[in-house]
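Next up, data-v3.cif (mmCIF, C-alpha atoms):
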data_run
loop_
_atom_site.label_atom_id
_atom_site.label_comp_id
_atom_site.auth_asym_id
_atom_site.auth_seq_id
_atom_site.Cartn_x
_atom_site.Cartn_y
_atom_site.Cartn_z
CA MET K 28 33.10 -82.38 122.82
CA THR K 29 36.76 -81.70 122.20
CA THR K 30 37.92 -82.69 118.79
CA ARG K 31 41.33 -84.11 118.23
CA ARG K 32 42.39 -80.91 116.50
CA GLU K 33 41.26 -78.72 119.44
CA PHE K 34 42.97 -81.01 121.89
CA LEU K 35 46.25 -80.76 120.05
CA VAL K 36 46.03 -76.97 119.86
CA LEU K 37 45.28 -76.69 123.59
CA ALA K 38 48.01 -79.14 124.54
CA GLY K 39 50.49 -77.26 122.39
CA ALA K 40 49.47 -73.94 123.95
CA SER K 41 49.81 -75.17 127.54
CA LEU K 42 53.16 -76.76 126.73
CA GLY K 43 54.33 -73.52 125.21
CA ALA K 44 53.13 -71.55 128.26
CA ALA K 45 54.98 -73.89 130.62
CA THR K 46 58.21 -73.53 128.66
CA THR K 47 58.06 -69.75 128.59
CA ALA K 48 57.28 -69.59 132.33
CA LYS K 49 60.37 -71.65 133.07
CA ALA K 50 62.50 -69.67 130.69
CA GLN K 51 61.42 -66.41 132.36
CA LEU K 52 62.32 -67.44 135.87
CA GLU K 53 65.98 -68.09 135.26
CA PRO K 54 66.85 -64.71 133.70
CA ASN K 55 64.93 -63.00 136.53
CA VAL K 56 67.03 -64.68 139.17
CA THR K 57 70.17 -63.96 137.18
CA ALA K 58 69.19 -60.31 136.82
CA GLN K 59 68.42 -59.98 140.53
CA ARG K 60 71.75 -61.50 141.48
CA LYS K 61 73.55 -59.27 139.00
CA ALA K 62 71.85 -56.22 140.55
CA ALA K 63 72.79 -57.38 144.06
CA PHE K 64 76.37 -57.90 142.84
CA GLN K 65 76.55 -54.38 141.39
CA ALA K 66 75.04 -52.94 144.59
CA ALA K 67 77.61 -54.76 146.74
CA LEU K 68 80.45 -53.40 144.56
CA ARG K 69 79.09 -49.84 144.83
CA LYS K 70 78.75 -50.17 148.61
CA VAL K 71 82.47 -50.90 148.84
CA THR K 72 83.87 -48.54 146.24
CA GLY K 73 81.34 -45.70 146.35
CA ASP K 74 81.91 -43.48 143.33
CA ALA K 75 85.64 -44.15 143.19
CA ARG K 76 87.12 -45.53 140.00
CA VAL K 77 88.17 -49.18 140.17
CA ARG K 78 91.20 -49.79 138.00
CA PRO K 79 92.34 -53.19 136.74
CA GLY K 80 95.85 -54.22 137.81
CA LYS K 81 98.05 -54.76 140.87
CA VAL K 82 95.69 -57.48 142.12
CA LYS K 83 96.17 -61.11 141.21
CA LEU K 84 93.16 -63.37 141.79
CA ASP K 85 93.88 -67.06 141.53
CA VAL K 86 90.91 -69.44 141.09
CA PRO K 87 90.89 -72.66 139.08
CA PRO K 88 89.10 -72.01 135.75
CA LEU K 89 87.20 -75.31 135.88
CA ILE K 90 85.67 -76.34 139.20
CA ASP K 91 84.37 -79.87 139.77
CA ASN K 92 82.79 -79.14 143.14
CA GLY K 93 81.58 -75.65 144.01
CA ASN K 94 81.44 -76.46 147.73
CA ALA K 95 85.15 -75.92 148.35
CA VAL K 96 87.05 -73.89 145.79
CA PRO K 97 90.62 -72.82 146.59
CA LEU K 98 90.92 -69.07 146.05
CA SER K 99 93.92 -66.84 146.62
CA VAL K 100 94.47 -63.12 146.20
CA ALA K 101 97.81 -61.33 146.09
CA VAL K 102 98.30 -57.59 145.67
CA GLU K 103 101.51 -55.87 144.57
CA SER K 104 102.30 -53.48 147.39
CA PRO K 105 105.35 -52.59 149.50
CA MET K 106 103.08 -52.84 152.61
CA THR K 107 104.72 -49.90 154.41
CA ALA K 108 102.92 -47.50 156.75
CA ALA K 109 102.64 -44.98 153.90
CA ASP K 110 101.61 -47.38 151.15
CA HIS K 111 99.75 -50.55 151.99
CA VAL K 112 96.63 -52.54 151.20
CA LYS K 113 93.85 -51.82 153.67
CA VAL K 114 91.14 -54.23 152.59
CA ILE K 115 90.72 -57.01 150.05
CA HIS K 116 87.11 -57.81 149.10
CA VAL K 117 86.02 -60.83 147.09
CA PHE K 118 82.65 -60.98 145.30
CA THR K 119 80.87 -63.48 143.09
CA GLU K 120 78.22 -62.69 140.55
CA LYS K 121 76.00 -65.78 140.79
CA ASN K 122 75.84 -66.71 144.49
CA PRO K 123 72.61 -65.92 146.40
CA GLN K 124 74.67 -63.30 148.25
CA PRO K 125 77.46 -61.51 146.35
CA ASN K 126 79.89 -61.03 149.26
CA VAL K 127 82.42 -63.78 149.80
CA VAL K 128 85.03 -62.41 152.18
CA SER K 129 86.58 -59.10 153.26
CA VAL K 130 90.02 -59.15 154.83
CA HIS K 131 91.62 -56.22 156.59
CA LEU K 132 95.40 -55.94 156.31
CA GLY K 133 97.98 -53.40 157.42
CA PRO K 134 101.68 -52.59 157.33
CA ARG K 135 102.28 -55.45 159.78
CA SER K 136 101.04 -57.97 157.23
CA GLY K 137 104.38 -57.88 155.38
CA ARG K 138 102.80 -59.11 152.16
CA ALA K 139 99.29 -58.65 150.82
CA SER K 140 98.57 -62.27 150.10
CA ILE K 141 95.72 -64.42 151.38
CA ALA K 142 94.22 -67.79 150.57
CA THR K 143 90.95 -69.43 151.54
CA ARG K 144 88.29 -71.84 150.30
CA VAL K 145 84.97 -70.59 149.00
CA ARG K 146 81.59 -71.81 147.72
CA LEU K 147 80.44 -71.01 144.20
CA ALA K 148 76.85 -71.54 143.04
CA ASP K 149 77.22 -71.24 139.30
CA THR K 150 79.44 -70.52 136.34
CA GLY K 151 80.26 -66.83 136.37
CA THR K 152 82.65 -64.11 137.38
CA VAL K 153 84.65 -63.82 140.59
CA VAL K 154 86.02 -60.37 141.42
CA ALA K 155 88.67 -59.29 143.92
CA ILE K 156 88.94 -55.60 144.82
CA ALA K 157 91.80 -54.15 146.86
CA GLU K 158 91.48 -50.85 148.69
CA LEU K 159 94.87 -49.17 149.15
CA SER K 160 95.88 -46.76 151.91
CA ASP K 161 95.81 -43.85 149.40
CA GLY K 162 92.12 -44.55 148.76
CA SER K 163 92.50 -46.05 145.30
CA PHE K 164 90.79 -49.27 144.25
CA TRP K 165 92.33 -51.98 142.08
CA SER K 166 90.70 -55.15 140.90
CA ASP K 167 91.10 -58.43 139.11
CA SER K 168 88.41 -60.81 137.93
CA ALA K 169 88.27 -64.42 136.82
CA GLU K 170 85.76 -66.38 134.79
CA VAL K 171 85.07 -69.78 136.28
CA VAL K 172 83.06 -72.79 135.11
CA VAL K 173 81.32 -74.68 137.93
CA THR K 174 80.10 -78.20 137.15
CA LEU K 175 78.60 -79.02 140.58
CA SER K 176 76.90 -76.13 142.31
CA ALA K 177 77.41 -75.39 146.01
CA CYS K 178 73.64 -74.88 146.37
CA LEU K 179 72.57 -78.17 144.85
CA GLU K 180 69.52 -78.60 147.10
CA ASP K 181 68.00 -75.38 145.84
CA GLY K 182 68.81 -75.99 142.22
CA LEU K 183 69.98 -72.58 141.10
CA ILE K 184 67.08 -70.62 142.59
CA MET I 2 88.35 -83.01 169.52
CA VAL I 3 90.23 -79.93 168.44
CA ASN I 4 88.25 -77.02 167.09
CA ALA I 5 91.05 -75.14 165.43
CA ILE I 6 94.41 -75.94 163.88
CA VAL I 7 96.95 -73.17 163.48
CA ASN I 8 100.27 -73.43 161.71
CA VAL I 9 102.84 -70.80 162.69
CA PRO I 10 106.63 -71.24 162.55
CA ALA I 11 107.94 -71.67 166.11
CA GLN I 12 111.04 -69.58 165.41
CA ALA I 13 111.64 -66.65 163.10
CA GLN I 14 114.17 -63.93 162.38
CA ARG I 15 113.22 -60.39 163.33
CA GLY I 16 111.62 -58.66 160.34
CA GLU I 17 110.95 -61.91 158.52
CA VAL I 18 107.57 -62.30 156.83
CA ILE I 19 105.99 -65.47 158.18
CA GLU I 20 103.00 -67.32 156.79
CA ILE I 21 100.17 -68.29 159.13
CA ARG I 22 97.70 -70.99 158.13
CA THR I 23 94.50 -71.59 160.08
CA LEU I 24 91.72 -74.14 159.88
CA VAL I 25 88.66 -74.18 162.14
CA ARG I 26 85.91 -76.76 162.51
CA HIS I 27 82.51 -75.31 161.59
CA PRO I 28 79.69 -76.39 159.23
CA MET I 29 79.13 -72.83 157.84
CA GLU I 30 75.40 -73.41 157.25
CA THR I 31 74.50 -70.87 154.59
CA GLY I 32 70.87 -70.13 155.48
CA PHE I 33 69.89 -70.74 151.85
CA ARG I 34 69.44 -74.52 152.08
CA ARG I 35 66.15 -76.29 152.79
CA THR I 36 65.25 -79.54 154.51
CA GLN I 37 63.36 -82.24 152.62
CA LEU I 38 60.14 -80.74 154.03
CA GLY I 39 60.98 -77.39 152.48
CA GLU I 40 61.81 -75.54 155.68
CA LEU I 41 64.70 -73.12 155.48
CA ILE I 42 67.70 -74.17 157.60
CA ALA I 43 68.74 -71.21 159.77
CA ARG I 44 72.04 -69.53 159.01
CA ASP I 45 74.90 -70.60 161.26
CA ILE I 46 78.25 -69.23 160.16
CA ILE I 47 81.45 -67.74 161.51
CA THR I 48 81.21 -64.02 160.83
CA THR I 49 84.50 -62.65 162.14
CA PHE I 50 88.06 -63.90 162.43
CA VAL I 51 90.64 -61.77 164.21
CA CYS I 52 94.33 -62.40 164.74
CA THR I 53 96.34 -60.44 167.31
CA TYR I 54 100.10 -60.41 167.81
CA ASN I 55 101.05 -59.51 171.41
CA GLY I 56 97.68 -57.79 171.77
CA ALA I 57 97.83 -55.73 168.57
CA GLU I 58 95.46 -56.65 165.75
CA ILE I 59 97.32 -57.76 162.62
CA PHE I 60 94.57 -59.42 160.60
CA ARG I 61 90.79 -59.37 160.49
CA ALA I 62 88.41 -61.15 158.13
CA GLU I 63 84.66 -60.81 157.70
CA LEU I 64 83.28 -64.11 156.50
CA HIS I 65 80.03 -64.63 154.59
CA PRO I 66 78.01 -67.77 153.75
CA ALA I 67 80.11 -68.18 150.60
CA ILE I 68 83.05 -69.43 152.66
CA ALA I 69 83.35 -73.22 152.54
CA ALA I 70 82.67 -75.39 155.58
CA ASN I 71 85.63 -75.64 157.97
CA PRO I 72 87.02 -72.20 157.05
CA PHE I 73 90.63 -72.20 155.95
CA MET I 74 92.58 -68.95 155.90
CA THR I 75 96.19 -68.23 155.04
CA PHE I 76 97.85 -64.85 155.55
CA THR I 77 101.21 -63.34 156.43
CA THR I 78 102.70 -61.14 159.11
CA VAL I 79 106.06 -59.63 160.02
CA ALA I 80 107.77 -61.32 162.97
CA THR I 81 108.46 -58.35 165.26
CA ALA I 82 109.04 -59.76 168.74
CA SER I 83 108.78 -62.95 170.76
CA GLY I 84 105.40 -63.50 172.32
CA THR I 85 102.02 -64.95 171.54
CA ILE I 86 99.81 -64.84 168.50
CA ALA I 87 96.13 -65.19 169.38
CA PHE I 88 93.31 -66.19 167.05
CA ARG I 89 89.62 -65.70 167.64
CA TRP I 90 86.70 -66.89 165.51
CA SER I 91 83.22 -65.68 166.41
CA GLY I 92 79.87 -66.11 164.76
CA ASP I 93 76.17 -66.91 164.91
CA ASN I 94 74.55 -68.50 167.97
CA GLY I 95 77.28 -67.24 170.29
CA TYR I 96 80.01 -69.25 168.59
CA ALA I 97 83.49 -68.33 169.81
CA VAL I 98 86.75 -70.27 169.58
CA THR I 99 90.17 -69.00 170.57
CA GLU I 100 93.61 -70.39 169.99
CA THR I 101 97.04 -69.06 170.94
CA VAL I 102 100.52 -70.01 169.80
CA ALA I 103 103.92 -68.90 171.05
CA ILE I 104 106.56 -67.58 168.68
CA SER I 105 110.19 -66.87 169.48
CA VAL I 106 111.89 -64.23 167.39
CA ALA I 107 115.68 -64.07 167.22
#

Would you give me this structure, written as C-alpha cells?
Amino acid sequence: MTTRREFLVLAGASLGAATTAKAQLEPNVTAQRKAAFQAALRKVTGDARVRPGKVKLDVPPLIDNGNAVPLSVAVESPMTAADHVKVIHVFTEKNPQPNVVSVHLGPRSGRASIATRVRLADTGTVVAIAELSDGSFWSDSAEVVVTLSACLEDGLI
Amino acid sequence: MVNAIVNVPAQAQRGEVIEIRTLVRHPMETGFRRTQLGELIARDIITTFVCTYNGAEIFRAELHPAIAANPFMTFTTVATASGTIAFRWSGDNGYAVTETVAISVA
C-alpha cells in the first residue's frame, strides 16, 4: 500500500519530470531555429564578411499582431551601373523558416528602397543584408517584440 | 473581383525615380499550420514576383511563407521611356497573375 509520504514523493517527482520535459523542448526548438538562421545567412554570404552600415531596416519595435508587420529596407547607394545594390535579403531568427524575402535590384531601380508586410512568429531579431555590385555585404538588424504570434495555431513549436 | 492592384504614376519626367506599389490577392498559406484534426495544411504561396519595363526586367522578388497574406510590395524605378510596365506573380499550384499599366514619359 502506498503511504501518504510515498505518494507525495512520487507526485512531486512526476511533476518535476513534466516541468523539465517542457522546459527542454523550448530551448531545443529555439536552438534549431537559430542554427537554421545561421545556415541561411551563410548560404547567402558564403565566407564574405558582413559589415554593419549602409542598410537601414525599419520595423516597428513593438508588434501587436505578427501576421502583418510593415517592414521596409533602404540602402545608401548611388544605384549606377558601376555601383549598385544587387540583392536585399531579409531573415528572421525565430520563424519556422528563416528566409523572409529576397529582392533583386539593379541600376534601373533608381533607389534601393523597398517595403512589404511580413509575418513574425516570436520576439527576436530581424536582419536585412544587402549584396552590392562590388561583392561586399552590408547589414542592419532590429530587435522586435511580438505580442501575438503569426503561428498561433502551432503555439511556438 | 480584381486579383491585383498596382499603383504607378500615369505620367513622369524622363529620368525621374518613380515609386511603384503593388498588392495582390492571395492567402499565402504557410504550410506550417494545422487543421483542428492535426493535419498539416499544404503550402500555397506566391514564390516569385517579377516586374518588367518595356520587356526588360527591373525588379524581381523571391517570396517565402513569412510574407503576409495579400502580398504588398513597394519599390522604385527610373522612368526611361513611355510604354508598359508588366507585373507577374507566380507560385504554388500553378498560380499566375499578370497585370500591365501604361506610363507616359515626357

Residue neighbourhood K:Arg60, 10 Å, all atoms listed in the file, exclusion window fewer than 3 positions, as a PDB file with C-alpha atoms, keeping the file's coordinate frame:
ATOM      1  CA  PRO K  54      66.850 -64.710 133.700  1.00  0.00           C
ATOM      2  CA  ASN K  55      64.930 -63.000 136.530  1.00  0.00           C
ATOM      3  CA  VAL K  56      67.030 -64.680 139.170  1.00  0.00           C
ATOM      4  CA  THR K  57      70.170 -63.960 137.180  1.00  0.00           C
ATOM      5  CA  ALA K  63      72.790 -57.380 144.060  1.00  0.00           C
ATOM      6  CA  PHE K  64      76.370 -57.900 142.840  1.00  0.00           C
ATOM      7  CA  GLN K  65      76.550 -54.380 141.390  1.00  0.00           C
ATOM      8  CA  ALA K  66      75.040 -52.940 144.590  1.00  0.00           C
ATOM      9  CA  THR K 119      80.870 -63.480 143.090  1.00  0.00           C
ATOM     10  CA  GLU K 120      78.220 -62.690 140.550  1.00  0.00           C
ATOM     11  CA  LYS K 121      76.000 -65.780 140.790  1.00  0.00           C
ATOM     12  CA  ASN K 122      75.840 -66.710 144.490  1.00  0.00           C
ATOM     13  CA  PRO K 123      72.610 -65.920 146.400  1.00  0.00           C
ATOM     14  CA  GLN K 124      74.670 -63.300 148.250  1.00  0.00           C
ATOM     15  CA  PRO K 125      77.460 -61.510 146.350  1.00  0.00           C
TER      16      PRO K 125
END

Given the file shown, determine the residues that the PyMOL selection byres ((chain K) within 8 of (chain I)) selects; report them as a PyMOL selection string.
-> chain K and resi 94-96+122-124+126-133+135-147+178+180-181

Evaluate the PyMOL selection byres ((chain I and resi 10) around 9) against this structure - the residues, as a PDB file with C-alpha atoms, keeping the file's coordinate frame, please.
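Done, and the output landed in result-v6.pdb:
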ATOM      1  CA  ASN I   8     100.270 -73.430 161.710  1.00  0.00           C
ATOM      2  CA  VAL I   9     102.840 -70.800 162.690  1.00  0.00           C
ATOM      3  CA  ALA I  11     107.940 -71.670 166.110  1.00  0.00           C
ATOM      4  CA  GLN I  12     111.040 -69.580 165.410  1.00  0.00           C
ATOM      5  CA  ALA I  13     111.640 -66.650 163.100  1.00  0.00           C
ATOM      6  CA  ILE I  19     105.990 -65.470 158.180  1.00  0.00           C
ATOM      7  CA  GLU I  20     103.000 -67.320 156.790  1.00  0.00           C
ATOM      8  CA  ILE I  21     100.170 -68.290 159.130  1.00  0.00           C
ATOM      9  CA  ILE I 104     106.560 -67.580 168.680  1.00  0.00           C
ATOM     10  CA  SER I 105     110.190 -66.870 169.480  1.00  0.00           C
TER      11      SER I 105
END

Result set, the PyMOL selection byres ((chain K and resi 156) around 7) on current file, as a PyMOL selection string = chain K and resi 115-117+154-155+157-158+164-167

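Taking atom CA of K:Met106 and atom CA of K:Thr152 as endpoints, the distance between them is 27.9 Å.
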
So for stretch 145-148 of chain K, what box centre and size do we get, axis-aligned, 6 Å extra on each of the six sides, every listed atom, Å to one decimal, as lines of an AutoDock Vina configuration file?
center_x = 80.9
center_y = -71.2
center_z = 146.0
size_x = 20.1
size_y = 13.2
size_z = 18.0

Leaving out stretch 92-103 of chain I and any residue of its chain fewer than 2 positions from it, which residues lie within 6 Å of it when counting only C-alpha atoms, given as a PyMOL selection string?
-> chain I and resi 45-48+84-90

Can you work out the spacing between atom CA of K:Lys70 and atom CA of K:His111 in Å, to one decimal?
->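 It comes out at 21.3 Å.
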
Enter the distance from atom CA of K:Pro88 to atom CA of K:Val171, in Å, rounded to one decimal.
->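 That distance, rounded to one decimal, is 4.6 Å.
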
Since the input is missing atoms, can you rebuild N, CA and C atoms for stretch 40-68 of chain I and write them as a PDB file, in the coordinates of the input?
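Once written, selection_23.pdb looks like this:
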ATOM      1  N   GLU I  40      61.542 -76.609 154.715  1.00  0.00           N
ATOM      2  CA  GLU I  40      61.810 -75.540 155.680  1.00  0.00           C
ATOM      3  C   GLU I  40      63.237 -75.031 155.493  1.00  0.00           C
ATOM      4  N   LEU I  41      63.391 -73.727 155.620  1.00  0.00           N
ATOM      5  CA  LEU I  41      64.700 -73.120 155.480  1.00  0.00           C
ATOM      6  C   LEU I  41      65.555 -73.469 156.701  1.00  0.00           C
ATOM      7  N   ILE I  42      66.799 -73.885 156.480  1.00  0.00           N
ATOM      8  CA  ILE I  42      67.700 -74.170 157.600  1.00  0.00           C
ATOM      9  C   ILE I  42      68.327 -72.839 158.005  1.00  0.00           C
ATOM     10  N   ALA I  43      68.262 -72.516 159.304  1.00  0.00           N
ATOM     11  CA  ALA I  43      68.740 -71.210 159.770  1.00  0.00           C
ATOM     12  C   ALA I  43      70.230 -71.056 159.518  1.00  0.00           C
ATOM     13  N   ARG I  44      70.634 -69.816 159.256  1.00  0.00           N
ATOM     14  CA  ARG I  44      72.040 -69.530 159.010  1.00  0.00           C
ATOM     15  C   ARG I  44      72.857 -69.772 160.280  1.00  0.00           C
ATOM     16  N   ASP I  45      73.995 -70.394 160.135  1.00  0.00           N
ATOM     17  CA  ASP I  45      74.900 -70.600 161.260  1.00  0.00           C
ATOM     18  C   ASP I  45      76.316 -70.555 160.709  1.00  0.00           C
ATOM     19  N   ILE I  46      76.922 -69.377 160.741  1.00  0.00           N
ATOM     20  CA  ILE I  46      78.250 -69.230 160.160  1.00  0.00           C
ATOM     21  C   ILE I  46      79.193 -68.513 161.128  1.00  0.00           C
ATOM     22  N   ILE I  47      80.477 -68.583 160.831  1.00  0.00           N
ATOM     23  CA  ILE I  47      81.450 -67.740 161.510  1.00  0.00           C
ATOM     24  C   ILE I  47      81.443 -66.412 160.780  1.00  0.00           C
ATOM     25  N   THR I  48      81.282 -65.313 161.511  1.00  0.00           N
ATOM     26  CA  THR I  48      81.210 -64.020 160.830  1.00  0.00           C
ATOM     27  C   THR I  48      82.532 -63.254 160.898  1.00  0.00           C
ATOM     28  N   THR I  49      83.292 -63.456 161.962  1.00  0.00           N
ATOM     29  CA  THR I  49      84.500 -62.650 162.140  1.00  0.00           C
ATOM     30  C   THR I  49      85.669 -63.526 162.575  1.00  0.00           C
ATOM     31  N   PHE I  50      86.817 -63.236 162.012  1.00  0.00           N
ATOM     32  CA  PHE I  50      88.060 -63.900 162.430  1.00  0.00           C
ATOM     33  C   PHE I  50      89.096 -62.820 162.668  1.00  0.00           C
ATOM     34  N   VAL I  51      89.668 -62.804 163.863  1.00  0.00           N
ATOM     35  CA  VAL I  51      90.640 -61.770 164.210  1.00  0.00           C
ATOM     36  C   VAL I  51      91.908 -62.436 164.698  1.00  0.00           C
ATOM     37  N   CYS I  52      93.048 -61.898 164.264  1.00  0.00           N
ATOM     38  CA  CYS I  52      94.330 -62.400 164.740  1.00  0.00           C
ATOM     39  C   CYS I  52      95.092 -61.254 165.395  1.00  0.00           C
ATOM     40  N   THR I  53      95.565 -61.468 166.606  1.00  0.00           N
ATOM     41  CA  THR I  53      96.340 -60.440 167.310  1.00  0.00           C
ATOM     42  C   THR I  53      97.725 -60.969 167.626  1.00  0.00           C
ATOM     43  N   TYR I  54      98.697 -60.061 167.552  1.00  0.00           N
ATOM     44  CA  TYR I  54     100.100 -60.410 167.810  1.00  0.00           C
ATOM     45  C   TYR I  54     100.526 -59.570 169.018  1.00  0.00           C
ATOM     46  N   ASN I  55     100.761 -60.208 170.146  1.00  0.00           N
ATOM     47  CA  ASN I  55     101.050 -59.510 171.410  1.00  0.00           C
ATOM     48  C   ASN I  55     100.026 -58.411 171.694  1.00  0.00           C
ATOM     49  N   GLY I  56      98.762 -58.722 171.433  1.00  0.00           N
ATOM     50  CA  GLY I  56      97.680 -57.790 171.770  1.00  0.00           C
ATOM     51  C   GLY I  56      97.297 -56.827 170.666  1.00  0.00           C
ATOM     52  N   ALA I  57      98.150 -56.671 169.645  1.00  0.00           N
ATOM     53  CA  ALA I  57      97.830 -55.730 168.570  1.00  0.00           C
ATOM     54  C   ALA I  57      97.224 -56.494 167.391  1.00  0.00           C
ATOM     55  N   GLU I  58      96.139 -55.959 166.847  1.00  0.00           N
ATOM     56  CA  GLU I  58      95.460 -56.650 165.750  1.00  0.00           C
ATOM     57  C   GLU I  58      96.296 -56.591 164.477  1.00  0.00           C
ATOM     58  N   ILE I  59      96.544 -57.749 163.867  1.00  0.00           N
ATOM     59  CA  ILE I  59      97.320 -57.760 162.620  1.00  0.00           C
ATOM     60  C   ILE I  59      96.492 -58.239 161.435  1.00  0.00           C
ATOM     61  N   PHE I  60      95.367 -58.888 161.706  1.00  0.00           N
ATOM     62  CA  PHE I  60      94.570 -59.420 160.600  1.00  0.00           C
ATOM     63  C   PHE I  60      93.128 -59.571 161.056  1.00  0.00           C
ATOM     64  N   ARG I  61      92.213 -59.209 160.182  1.00  0.00           N
ATOM     65  CA  ARG I  61      90.790 -59.370 160.490  1.00  0.00           C
ATOM     66  C   ARG I  61      90.080 -59.771 159.212  1.00  0.00           C
ATOM     67  N   ALA I  62      89.176 -60.734 159.307  1.00  0.00           N
ATOM     68  CA  ALA I  62      88.410 -61.150 158.130  1.00  0.00           C
ATOM     69  C   ALA I  62      86.931 -61.197 158.475  1.00  0.00           C
ATOM     70  N   GLU I  63      86.111 -60.677 157.573  1.00  0.00           N
ATOM     71  CA  GLU I  63      84.660 -60.810 157.700  1.00  0.00           C
ATOM     72  C   GLU I  63      84.236 -61.918 156.759  1.00  0.00           C
ATOM     73  N   LEU I  64      83.661 -62.968 157.315  1.00  0.00           N
ATOM     74  CA  LEU I  64      83.280 -64.110 156.500  1.00  0.00           C
ATOM     75  C   LEU I  64      81.789 -64.046 156.180  1.00  0.00           C
ATOM     76  N   HIS I  65      81.422 -64.594 155.039  1.00  0.00           N
ATOM     77  CA  HIS I  65      80.030 -64.630 154.590  1.00  0.00           C
ATOM     78  C   HIS I  65      79.665 -66.088 154.292  1.00  0.00           C
ATOM     79  N   PRO I  66      78.379 -66.376 154.007  1.00  0.00           N
ATOM     80  CA  PRO I  66      78.010 -67.770 153.750  1.00  0.00           C
ATOM     81  C   PRO I  66      78.775 -68.417 152.596  1.00  0.00           C
ATOM     82  N   ALA I  67      79.383 -67.614 151.734  1.00  0.00           N
ATOM     83  CA  ALA I  67      80.110 -68.180 150.600  1.00  0.00           C
ATOM     84  C   ALA I  67      81.478 -68.738 150.966  1.00  0.00           C
ATOM     85  N   ILE I  68      81.808 -68.791 152.253  1.00  0.00           N
ATOM     86  CA  ILE I  68      83.050 -69.430 152.660  1.00  0.00           C
ATOM     87  C   ILE I  68      82.742 -70.907 152.930  1.00  0.00           C
TER      88      ILE I  68
END
